[in-house]
Amino acid sequence: MSLDKLKWQQQINRLRYTHKELKVVETVQIDGASAFQDYYENFCAERGVDIAELNSTHKDKVDDLYSHIKITPLDPADESEMGDVDIAPREEDEIDKLFNKVFKKLAIHLHPDKLVGLTDEEEKKKKTDMFRDALDALENKRYFTLMDYAEQYDIEVPMDYGMQAQWVKKEIEAVEAEIKNGKETYTYRFFDCDSDKERDILIKRFLRHLFGYEFDEPDEIILK
């Protein structure tokens, strides 16, 4: 086995892992939003903080920041960490074209229109789900998923391991940047707290960040 192929396989495995981690982070953000909101509302109610008044007074800021607020905004430099692994546009276009072709070949086997004559409902559902997953993978450049399905249906995927390893490396760093952003949200930080003391500190930071409020004493809130 060539070194380029080994490097490519290593990068593919790492990309799978980072996508799984991103999925966990996204799930925490979605499923944990109500838990954060409930704790926030109870925290404010216990200390006489009028959330409705705060939201009304700072409406523009709430509308702008509430849905995607971070404890520490990312330094713009952090978002360009993958500059040293840029791939030439032509090469990236070639990879996109390659997997578009793979998807079209998969669609012959999986597209719902091709399953009309299939009487096994369980098999039909399985293939329909695979088609949707393959389409999602194409749109989000999870090309390793398309490769897995292509292998199941004996669809050849021509490989330029050197070029594709570089592309995979770039994708890994892009996904890792998304993970980093997700873990900086208040919802994820709330999930990461191990005690009510830590949660209280987080809520105070939220109030300071969004509204400019500081707690001088545990039950006293001061407008800055």
# chains A, B, ... in the order shown; residues from 1 in each chain; ligands from 1
call {"tool": "select_by_dssp", "arguments": {"residues": "chain A", "states": "helix (DSSP H, G or I)", "output": "MDAnalysis selection string"}}
result
chainID A and resid 3:31 33:46 51:57 59:68 76:85 89:110 112:115 121:139 143:152 161:183 186:192 196:211
call {"tool": "closest_residue", "arguments": {"among": "A:Met130, A:Val175, A:Leu202, A:Leu207", "to": "Glu26 (chain A)", "atoms": "only C-alpha atoms"}}
result
A:Val175
call {"tool": "closest_atom_pairs", "arguments": {"of": "region 139-218 of chain A", "to": "region 91-101 of chain A", "cutoff": "8 Å", "atoms": "only C-alpha atoms", "output": "JSON lines"}}
result
{"residue": "A:Tyr143", "atom": "CA", "partner": "A:Phe99", "partner_atom": "CA", "distance": 6.9}
{"residue": "A:Leu146", "atom": "CA", "partner": "A:Phe99", "partner_atom": "CA", "distance": 7.4}
{"residue": "A:Val157", "atom": "CA", "partner": "A:Leu98", "partner_atom": "CA", "distance": 7.8}
{"residue": "A:Pro158", "atom": "CA", "partner": "A:Leu98", "partner_atom": "CA", "distance": 8.0}
{"residue": "A:Met163", "atom": "CA", "partner": "A:Glu91", "partner_atom": "CA", "distance": 7.3}
{"residue": "A:Gln164", "atom": "CA", "partner": "A:Ile95", "partner_atom": "CA", "distance": 7.4}
{"residue": "A:Trp167", "atom": "CA", "partner": "A:Glu92", "partner_atom": "CA", "distance": 7.1}
call {"tool": "residues_around", "arguments": {"residues": "Ile51 (chain A)", "least_positions_apart": "6", "cutoff": "12 Å", "atoms": "only C-alpha atoms", "output": "list in words"}}
result
Gln37, Tyr40, Glu41, Asn42, Phe43, Cys44, Ala45, Thr57, His58, Lys59, Val62, Leu207, Leu210 and Phe211 of chain A
call {"tool": "write_last_selection", "arguments": {"atoms": "N, CA, C and O atoms", "output": "PDB file, in the first residue's frame"}}
result
ATOM      1  N   GLN A  37     -32.346  27.720  29.158  1.00  0.00           N
ATOM      2  CA  GLN A  37     -33.372  28.755  29.303  1.00  0.00           C
ATOM      3  C   GLN A  37     -34.118  28.612  30.621  1.00  0.00           C
ATOM      4  O   GLN A  37     -34.363  29.607  31.314  1.00  0.00           O
ATOM      5  N   TYR A  40     -31.843  29.697  33.448  1.00  0.00           N
ATOM      6  CA  TYR A  40     -31.687  31.153  33.351  1.00  0.00           C
ATOM      7  C   TYR A  40     -32.904  31.872  33.923  1.00  0.00           C
ATOM      8  O   TYR A  40     -32.782  32.814  34.721  1.00  0.00           O
ATOM      9  N   GLU A  41     -34.092  31.431  33.542  1.00  0.00           N
ATOM     10  CA  GLU A  41     -35.315  32.064  34.026  1.00  0.00           C
ATOM     11  C   GLU A  41     -35.478  31.885  35.533  1.00  0.00           C
ATOM     12  O   GLU A  41     -35.872  32.818  36.244  1.00  0.00           O
ATOM     13  N   ASN A  42     -35.189  30.684  36.041  1.00  0.00           N
ATOM     14  CA  ASN A  42     -35.293  30.441  37.481  1.00  0.00           C
ATOM     15  C   ASN A  42     -34.263  31.266  38.254  1.00  0.00           C
ATOM     16  O   ASN A  42     -34.565  31.827  39.318  1.00  0.00           O
ATOM     17  N   PHE A  43     -33.050  31.346  37.732  1.00  0.00           N
ATOM     18  CA  PHE A  43     -31.993  32.125  38.353  1.00  0.00           C
ATOM     19  C   PHE A  43     -32.421  33.588  38.496  1.00  0.00           C
ATOM     20  O   PHE A  43     -32.273  34.203  39.558  1.00  0.00           O
ATOM     21  N   CYS A  44     -32.958  34.132  37.408  1.00  0.00           N
ATOM     22  CA  CYS A  44     -33.383  35.540  37.423  1.00  0.00           C
ATOM     23  C   CYS A  44     -34.588  35.753  38.337  1.00  0.00           C
ATOM     24  O   CYS A  44     -34.664  36.755  39.060  1.00  0.00           O
ATOM     25  N   ALA A  45     -35.538  34.816  38.315  1.00  0.00           N
ATOM     26  CA  ALA A  45     -36.732  34.942  39.152  1.00  0.00           C
ATOM     27  C   ALA A  45     -36.363  34.946  40.635  1.00  0.00           C
ATOM     28  O   ALA A  45     -36.904  35.738  41.426  1.00  0.00           O
ATOM     29  N   THR A  57     -35.619  46.468  26.954  1.00  0.00           N
ATOM     30  CA  THR A  57     -34.665  47.583  26.991  1.00  0.00           C
ATOM     31  C   THR A  57     -33.513  47.375  26.010  1.00  0.00           C
ATOM     32  O   THR A  57     -33.004  48.314  25.406  1.00  0.00           O
ATOM     33  N   HIS A  58     -33.121  46.104  25.845  1.00  0.00           N
ATOM     34  CA  HIS A  58     -31.973  45.792  24.992  1.00  0.00           C
ATOM     35  C   HIS A  58     -32.403  44.982  23.766  1.00  0.00           C
ATOM     36  O   HIS A  58     -31.679  44.099  23.323  1.00  0.00           O
ATOM     37  N   LYS A  59     -33.572  45.312  23.213  1.00  0.00           N
ATOM     38  CA  LYS A  59     -34.160  44.497  22.154  1.00  0.00           C
ATOM     39  C   LYS A  59     -33.214  44.291  20.969  1.00  0.00           C
ATOM     40  O   LYS A  59     -33.055  43.166  20.478  1.00  0.00           O
ATOM     41  N   VAL A  62     -30.476  41.911  21.911  1.00  0.00           N
ATOM     42  CA  VAL A  62     -31.003  40.558  22.087  1.00  0.00           C
ATOM     43  C   VAL A  62     -31.249  39.915  20.728  1.00  0.00           C
ATOM     44  O   VAL A  62     -30.855  38.768  20.481  1.00  0.00           O
ATOM     45  N   LEU A 207     -25.509  37.369  31.643  1.00  0.00           N
ATOM     46  CA  LEU A 207     -26.158  38.655  31.912  1.00  0.00           C
ATOM     47  C   LEU A 207     -25.186  39.819  31.695  1.00  0.00           C
ATOM     48  O   LEU A 207     -25.571  40.873  31.169  1.00  0.00           O
ATOM     49  N   LEU A 210     -24.579  40.040  27.734  1.00  0.00           N
ATOM     50  CA  LEU A 210     -25.701  40.477  26.908  1.00  0.00           C
ATOM     51  C   LEU A 210     -26.267  41.823  27.331  1.00  0.00           C
ATOM     52  O   LEU A 210     -26.638  42.641  26.490  1.00  0.00           O
ATOM     53  N   PHE A 211     -26.325  42.081  28.658  1.00  0.00           N
ATOM     54  CA  PHE A 211     -27.010  43.278  29.149  1.00  0.00           C
ATOM     55  C   PHE A 211     -26.093  44.262  29.875  1.00  0.00           C
ATOM     56  O   PHE A 211     -26.527  45.358  30.235  1.00  0.00           O
TER      57      PHE A 211
END
